[in-house]
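Structure file my_file.pdb (PDB, C-alpha atoms, pLDDT in the B column) follows.
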```
MODEL        1
ATOM      1  CA  LYS A   1      13.900   4.399 -10.343  1.00 61.00           C
ATOM      2  CA  ASP A   2      10.435   4.991 -11.786  1.00 68.00           C
ATOM      3  CA  ILE A   3       8.903   2.287 -13.932  1.00 67.00           C
ATOM      4  CA  ASP A   4       7.233   3.459 -17.125  1.00 71.00           C
ATOM      5  CA  VAL A   5       3.942   1.539 -17.353  1.00 76.00           C
ATOM      6  CA  ARG A   6       2.447   1.711 -20.821  1.00 82.00           C
ATOM      7  CA  ILE A   7      -0.965   0.426 -21.952  1.00 86.00           C
ATOM      8  CA  ALA A   8      -2.076  -0.236 -25.506  1.00 89.00           C
ATOM      9  CA  MET A   9      -5.051  -1.757 -27.277  1.00 90.00           C
ATOM     10  CA  SER A  10      -4.657  -3.519 -30.601  1.00 92.00           C
ATOM     11  CA  GLY A  11      -7.130  -4.793 -33.130  1.00 92.00           C
ATOM     12  CA  ILE A  12      -8.954  -3.914 -36.311  1.00 95.00           C
ATOM     13  CA  ARG A  13     -11.142  -0.833 -36.224  1.00 95.00           C
ATOM     14  CA  LYS A  14     -14.647  -1.093 -37.619  1.00 94.00           C
ATOM     15  CA  ARG A  15     -14.756  -0.499 -41.390  1.00 93.00           C
ATOM     16  CA  GLU A  16     -10.963  -0.978 -41.630  1.00 94.00           C
ATOM     17  CA  LYS A  17      -8.996  -3.968 -42.879  1.00 94.00           C
ATOM     18  CA  ASP A  18      -5.598  -3.576 -41.215  1.00 96.00           C
ATOM     19  CA  PRO A  19      -4.826  -3.993 -37.519  1.00 96.00           C
ATOM     20  CA  GLU A  20      -3.362  -1.168 -35.456  1.00 95.00           C
ATOM     21  CA  ALA A  21      -2.301  -0.394 -31.915  1.00 93.00           C
ATOM     22  CA  VAL A  22      -3.453   2.599 -29.880  1.00 93.00           C
ATOM     23  CA  GLU A  23      -1.846   3.787 -26.652  1.00 91.00           C
ATOM     24  CA  LEU A  24      -4.191   4.446 -23.747  1.00 90.00           C
ATOM     25  CA  LYS A  25      -3.441   7.133 -21.189  1.00 88.00           C
ATOM     26  CA  LEU A  26      -5.120   6.210 -17.927  1.00 85.00           C
ATOM     27  CA  THR A  27      -5.697   8.678 -15.100  1.00 87.00           C
ATOM     28  CA  GLY A  28      -5.871   6.418 -12.055  1.00 84.00           C
ATOM     29  CA  ASN A  29      -9.577   7.183 -11.653  1.00 87.00           C
ATOM     30  CA  TYR A  30     -11.141   3.722 -11.979  1.00 85.00           C
ATOM     31  CA  MET A  31     -14.529   4.758 -13.383  1.00 89.00           C
ATOM     32  CA  ALA A  32     -13.134   7.339 -15.820  1.00 90.00           C
ATOM     33  CA  ASP A  33     -10.481   4.867 -17.018  1.00 88.00           C
ATOM     34  CA  LEU A  34     -13.028   2.080 -17.434  1.00 87.00           C
ATOM     35  CA  GLU A  35     -15.265   4.377 -19.487  1.00 91.00           C
ATOM     36  CA  ALA A  36     -12.306   5.450 -21.651  1.00 91.00           C
ATOM     37  CA  VAL A  37     -11.325   1.830 -22.326  1.00 88.00           C
ATOM     38  CA  GLN A  38     -14.925   0.854 -23.139  1.00 90.00           C
ATOM     39  CA  GLU A  39     -15.304   3.838 -25.465  1.00 92.00           C
ATOM     40  CA  LEU A  40     -12.108   2.948 -27.335  1.00 91.00           C
ATOM     41  CA  LYS A  41     -13.089  -0.729 -27.494  1.00 90.00           C
ATOM     42  CA  LYS A  42     -16.359   0.211 -29.255  1.00 92.00           C
ATOM     43  CA  GLN A  43     -14.285   1.541 -32.169  1.00 93.00           C
ATOM     44  CA  PHE A  44     -12.794  -1.901 -32.839  1.00 92.00           C
ATOM     45  CA  SER A  45     -14.359  -4.887 -34.567  1.00 91.00           C
ATOM     46  CA  GLY A  46     -14.280  -8.365 -33.070  1.00 83.00           C
ATOM     47  CA  LYS A  47     -11.992  -9.646 -35.847  1.00 88.00           C
ATOM     48  CA  ALA A  48      -9.034 -11.664 -34.637  1.00 86.00           C
ATOM     49  CA  VAL A  49      -5.488 -10.414 -35.161  1.00 91.00           C
ATOM     50  CA  ASP A  50      -2.499 -12.745 -35.202  1.00 92.00           C
ATOM     51  CA  ALA A  51      -0.834 -12.593 -31.764  1.00 91.00           C
ATOM     52  CA  ASN A  52       2.638 -11.986 -33.286  1.00 93.00           C
ATOM     53  CA  THR A  53       1.326  -9.103 -35.400  1.00 95.00           C
ATOM     54  CA  SER A  54      -0.498  -7.634 -32.425  1.00 93.00           C
ATOM     55  CA  LEU A  55       2.594  -7.743 -30.196  1.00 91.00           C
ATOM     56  CA  ARG A  56       4.770  -6.179 -32.902  1.00 92.00           C
ATOM     57  CA  LEU A  57       2.251  -3.343 -33.421  1.00 92.00           C
ATOM     58  CA  VAL A  58       1.994  -2.685 -29.672  1.00 91.00           C
ATOM     59  CA  LEU A  59       5.758  -2.624 -29.162  1.00 90.00           C
ATOM     60  CA  GLU A  60       6.219  -0.311 -32.145  1.00 89.00           C
ATOM     61  CA  LYS A  61       3.454   2.019 -30.947  1.00 90.00           C
ATOM     62  CA  LEU A  62       4.900   2.219 -27.443  1.00 86.00           C
ATOM     63  CA  GLY A  63       8.512   2.450 -28.625  1.00 84.00           C
ATOM     64  CA  CYS A  64       9.519  -0.716 -26.762  1.00 81.00           C
ATOM     65  CA  GLY A  65      11.705  -3.643 -27.637  1.00 66.00           C
ATOM     66  CA  LYS A  66      15.071  -2.050 -28.268  1.00 70.00           C
ATOM     67  CA  ASP A  67      15.886  -1.661 -24.557  1.00 72.00           C
ATOM     68  CA  ALA A  68      15.115  -3.703 -21.469  1.00 69.00           C
ATOM     69  CA  ILE A  69      11.450  -4.428 -20.766  1.00 77.00           C
ATOM     70  CA  ALA A  70      10.407  -5.043 -17.156  1.00 75.00           C
ATOM     71  CA  GLY A  71       7.499  -7.264 -18.156  1.00 80.00           C
ATOM     72  CA  LEU A  72       4.545  -7.570 -20.482  1.00 83.00           C
ATOM     73  CA  VAL A  73       0.942  -8.574 -19.755  1.00 84.00           C
ATOM     74  CA  ARG A  74      -1.451  -9.325 -22.620  1.00 84.00           C
ATOM     75  CA  VAL A  75      -5.185  -9.386 -21.917  1.00 83.00           C
ATOM     76  CA  ALA A  76      -6.998 -11.075 -24.781  1.00 82.00           C
ATOM     77  CA  ASN A  77      -9.966 -13.164 -25.829  1.00 81.00           C
ATOM     78  CA  ASN A  78      -7.663 -16.171 -26.300  1.00 80.00           C
ATOM     79  CA  SER A  79      -4.442 -17.652 -25.021  1.00 81.00           C
ATOM     80  CA  HIS A  80      -2.477 -17.514 -28.274  1.00 85.00           C
ATOM     81  CA  MET A  81       1.220 -16.996 -27.582  1.00 85.00           C
ATOM     82  CA  PRO A  82       3.080 -14.512 -29.828  1.00 90.00           C
ATOM     83  CA  SER A  83       6.082 -16.831 -29.621  1.00 90.00           C
ATOM     84  CA  GLU A  84       7.923 -15.652 -32.762  1.00 93.00           C
ATOM     85  CA  GLU A  85       7.707 -11.934 -31.951  1.00 91.00           C
ATOM     86  CA  LEU A  86       8.375 -12.540 -28.255  1.00 90.00           C
ATOM     87  CA  GLN A  87      11.552 -14.486 -29.003  1.00 90.00           C
ATOM     88  CA  ALA A  88      12.675 -11.799 -31.471  1.00 90.00           C
ATOM     89  CA  VAL A  89      12.208  -8.903 -29.029  1.00 90.00           C
ATOM     90  CA  ARG A  90      13.861 -10.866 -26.213  1.00 88.00           C
ATOM     91  CA  LYS A  91      17.056 -11.004 -28.287  1.00 88.00           C
ATOM     92  CA  HIS A  92      17.366  -7.234 -27.757  1.00 84.00           C
ATOM     93  CA  ALA A  93      15.479  -6.639 -24.503  1.00 85.00           C
ATOM     94  CA  GLY A  94      16.463  -9.744 -22.520  1.00 81.00           C
ATOM     95  CA  ILE A  95      14.200 -12.453 -21.139  1.00 79.00           C
ATOM     96  CA  PHE A  96      11.484 -10.451 -19.406  1.00 82.00           C
ATOM     97  CA  PRO A  97       8.332 -11.954 -17.824  1.00 82.00           C
ATOM     98  CA  TYR A  98       5.408 -12.342 -20.249  1.00 84.00           C
ATOM     99  CA  ALA A  99       1.839 -13.244 -19.309  1.00 84.00           C
ATOM    100  CA  THR A 100      -1.457 -13.694 -21.090  1.00 84.00           C
ATOM    101  CA  ILE A 101      -4.717 -13.267 -19.224  1.00 83.00           C
ATOM    102  CA  ASP A 102      -7.245 -15.164 -21.338  1.00 82.00           C
ATOM    103  CA  ALA A 103     -10.618 -13.462 -20.837  1.00 79.00           C
ATOM    104  CA  ARG A 104     -12.676 -16.089 -22.670  1.00 77.00           C
ATOM    105  CA  GLY A 105     -11.315 -19.373 -21.355  1.00 76.00           C
ATOM    106  CA  HIS A 106      -9.597 -20.511 -24.561  1.00 77.00           C
ATOM    107  CA  ILE A 107      -6.725 -21.705 -22.344  1.00 77.00           C
ATOM    108  CA  LEU A 108      -8.909 -24.519 -21.010  1.00 75.00           C
ATOM    109  CA  ASP A 109      -9.110 -26.041 -24.506  1.00 79.00           C
ATOM    110  CA  ALA A 110      -5.586 -25.175 -25.663  1.00 78.00           C
ATOM    111  CA  PHE A 111      -3.435 -25.615 -22.534  1.00 76.00           C
ATOM    112  CA  LEU A 112      -1.232 -28.392 -23.953  1.00 77.00           C
ATOM    113  CA  GLU A 113      -0.742 -26.630 -27.311  1.00 82.00           C
ATOM    114  CA  ILE A 114       0.470 -23.299 -25.875  1.00 82.00           C
ATOM    115  CA  PRO A 115       4.169 -22.856 -26.742  1.00 80.00           C
ATOM    116  CA  GLN A 116       6.352 -23.232 -23.661  1.00 82.00           C
ATOM    117  CA  LEU A 117       8.726 -20.293 -23.477  1.00 82.00           C
ATOM    118  CA  ALA A 118      10.856 -19.285 -20.515  1.00 80.00           C
ATOM    119  CA  ARG A 119       9.157 -16.919 -18.057  1.00 81.00           C
ATOM    120  CA  SER A 120       5.921 -16.964 -20.074  1.00 83.00           C
ATOM    121  CA  VAL A 121       2.631 -17.984 -18.527  1.00 82.00           C
ATOM    122  CA  SER A 122      -1.057 -17.966 -19.433  1.00 83.00           C
ATOM    123  CA  VAL A 123      -3.880 -17.845 -16.900  1.00 81.00           C
ATOM    124  CA  PRO A 124      -7.671 -17.913 -17.336  1.00 80.00           C
ATOM    125  CA  GLY A 125      -9.102 -14.437 -16.881  1.00 77.00           C
ATOM    126  CA  GLN A 126     -12.512 -15.506 -15.688  1.00 69.00           C
ATOM    127  CA  VAL A 127     -11.003 -16.804 -12.457  1.00 61.00           C
ATOM    128  CA  GLU A 128     -11.708 -14.035  -9.940  1.00 62.00           C
ATOM    129  CA  SER A 129      -8.204 -14.151  -8.531  1.00 68.00           C
ATOM    130  CA  CYS A 130      -6.297 -14.464 -11.831  1.00 71.00           C
ATOM    131  CA  VAL A 131      -4.308 -11.271 -11.159  1.00 71.00           C
ATOM    132  CA  ASN A 132      -3.241 -12.583  -7.743  1.00 73.00           C
ATOM    133  CA  ILE A 133      -2.330 -15.956  -9.244  1.00 73.00           C
ATOM    134  CA  LEU A 134      -0.311 -14.258 -11.977  1.00 74.00           C
ATOM    135  CA  ARG A 135       1.471 -11.994  -9.492  1.00 74.00           C
ATOM    136  CA  ASN A 136       2.363 -14.923  -7.248  1.00 73.00           C
ATOM    137  CA  ILE A 137       3.657 -17.027 -10.150  1.00 72.00           C
ATOM    138  CA  LEU A 138       5.857 -14.193 -11.431  1.00 71.00           C
ATOM    139  CA  LEU A 139       7.165 -13.367  -7.959  1.00 71.00           C
ATOM    140  CA  GLN A 140       7.907 -17.039  -7.304  1.00 71.00           C
ATOM    141  CA  SER A 141       9.777 -17.411 -10.597  1.00 68.00           C
ATOM    142  CA  ALA A 142      11.828 -14.264  -9.908  1.00 67.00           C
ATOM    143  CA  ALA A 143      12.677 -15.415  -6.375  1.00 69.00           C
ATOM    144  CA  GLU A 144      13.809 -18.802  -7.676  1.00 68.00           C
ATOM    145  CA  GLY A 145      15.797 -17.225 -10.524  1.00 67.00           C
ATOM    146  CA  ALA A 146      13.751 -19.355 -12.912  1.00 63.00           C
ATOM    147  CA  THR A 147      14.702 -17.609 -16.149  1.00 66.00           C
ATOM    148  CA  ASP A 148      14.466 -20.771 -18.249  1.00 70.00           C
ATOM    149  CA  VAL A 149      11.338 -22.377 -16.766  1.00 67.00           C
ATOM    150  CA  SER A 150       8.212 -22.747 -18.929  1.00 70.00           C
ATOM    151  CA  GLY A 151       4.847 -21.240 -18.070  1.00 67.00           C
ATOM    152  CA  ASN A 152       3.180 -24.607 -17.522  1.00 66.00           C
ATOM    153  CA  GLU A 153       5.869 -25.617 -15.049  1.00 71.00           C
ATOM    154  CA  LEU A 154       5.531 -22.289 -13.209  1.00 68.00           C
ATOM    155  CA  LEU A 155       1.765 -22.772 -12.979  1.00 68.00           C
ATOM    156  CA  VAL A 156       2.105 -26.373 -11.775  1.00 66.00           C
ATOM    157  CA  ARG A 157       4.707 -25.354  -9.170  1.00 66.00           C
ATOM    158  CA  TYR A 158       2.359 -22.652  -7.906  1.00 65.00           C
ATOM    159  CA  VAL A 159      -0.684 -24.944  -7.706  1.00 66.00           C
ATOM    160  CA  ASP A 160       1.495 -27.549  -5.992  1.00 66.00           C
ATOM    161  CA  THR A 161       1.989 -25.118  -3.070  1.00 69.00           C
ATOM    162  CA  PHE A 162      -1.728 -25.348  -2.152  1.00 63.00           C
TER     163      PHE A 162
ENDMDL
END
```
Turn the structure described in the file into structure tokens.
Amino acid sequence: KDIDVRIAMSGIRKREKDPEAVELKLTGNYMADLEAVQELKKQFSGKAVDANTSLRLVLEKLGCGKDAIAGLVRVANNSHMPSEELQAVRKHAGIFPYATIDARGHILDAFLEIPQLARSVSVPGQVESCVNILRNILLQSAAEGATDVSGNELLVRYVDTF
């Protein structure tokens, strides 16, 4: 069965006051896709949007949340966990894997304050191999059937295998 991969960007556009989500259609051509993402990003301000609001807007824009979701990856300038919205959507869609890739390193200051939800993990994005680390953590949790294990425990288990 084909998996429907959807990509969205959320934030507050320049000269606007309310946040919104925009779906991105990527082509598979790395350079063209990178240029398209950079062009869209220029339209947004650097103003922060509450993580719960952002997740709700993205799910609404993409039409997700009513049915099963295979997984969700959030790339952001922080490691804020949209815990309220994530728990709400999981009531309908089941407990799917959730990950935040923190592009700015906020996780290093906030690691102990990040809410610990089952199958949810945050990793620092500036680590060159963060995508590999994330993939390995999610694969390990799926193989172990760890549907109720927190993100910190998943990360510690993974690091413990070194």
- Please write as a ChimeraX atom specification the full residue list that the PyMOL selection byres ((chain A and resi 83) around 10) yields on this file. /A:51-52,55,80-82,84-88,114-117,120
Selection to disk with C-alpha atoms, as a compact mmCIF listing (two decimals), in the coordinates of the input:
```txt
# COMPACT_ATOMS: atom_id res chain seq x y z
CA ALA A 51 -0.83 -12.59 -31.76
CA ASN A 52 2.64 -11.99 -33.29
CA LEU A 55 2.59 -7.74 -30.20
CA HIS A 80 -2.48 -17.51 -28.27
CA MET A 81 1.22 -17.00 -27.58
CA PRO A 82 3.08 -14.51 -29.83
CA GLU A 84 7.92 -15.65 -32.76
CA GLU A 85 7.71 -11.93 -31.95
CA LEU A 86 8.38 -12.54 -28.26
CA GLN A 87 11.55 -14.49 -29.00
CA ALA A 88 12.68 -11.80 -31.47
CA ILE A 114 0.47 -23.30 -25.88
CA PRO A 115 4.17 -22.86 -26.74
CA GLN A 116 6.35 -23.23 -23.66
CA LEU A 117 8.73 -20.29 -23.48
CA SER A 120 5.92 -16.96 -20.07
```
- Item | Target residues per the PyMOL selection byres ((chain A and resi 11) around 7), formatted as a list of chain:residue names |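 Checked against the file, the PyMOL selection byres ((chain A and resi 11) around 7) matches A:Met9, A:Ser10, A:Ile12, A:Arg13, A:Pro19, A:Glu20, A:Ala21, A:Phe44, A:Val49.
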- Around the point (-3.5, -13.0, -12.0) in the file's coordinates, collect all residues with an atom within 10 Å, using only C-alpha atoms, and return them as an MDAnalysis selection string. chainID A and resid 73 99:101 122:125 127:138
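Atom pair CA of Glu60 in chain A / CA of Gly105 in chain A has a distance of 28.1 Å (rounded to one decimal).
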- Task: Please write the residues picked by the PyMOL selection byres ((chain A and resi 104) around 10) on this file as an MDAnalysis selection string.
- Result: chainID A and resid 76:79 101:103 105:108 124:126
- Item | Close residues, range 24-28 of chain A itself excluded, 8 Å, only C-alpha atoms, min 6 positions apart in chain, as a ChimeraX atom specification | /A:6-9,37
Can I get the selected residues back with C-alpha atoms, as a short mmCIF file (atom, residue, chain, number, x, y, z; two decimals), keeping the file's coordinate frame?
```
data_model
loop_
_atom_site.label_atom_id
_atom_site.label_comp_id
_atom_site.auth_asym_id
_atom_site.auth_seq_id
_atom_site.Cartn_x
_atom_site.Cartn_y
_atom_site.Cartn_z
CA ARG A 6 2.45 1.71 -20.82
CA ILE A 7 -0.96 0.43 -21.95
CA ALA A 8 -2.08 -0.24 -25.51
CA MET A 9 -5.05 -1.76 -27.28
CA VAL A 37 -11.32 1.83 -22.33
#
```
Draw an axis-aligned box over all listed atoms of range 101-119 of chain A, pad each side with 3 Å, and write its centre and edge lengths in Å, one decimal, as AutoDock Vina command-line options.
```
--center_x -0.9 --center_y -20.8 --center_z -22.7 --size_x 29.5 --size_y 21.1 --size_z 15.3
```
- Task: Have a look at CA of Val121 in chain A and CA of Leu34 in chain A and let me know their distance in Å, one decimal.
- Result: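 So the answer is 25.5 Å.
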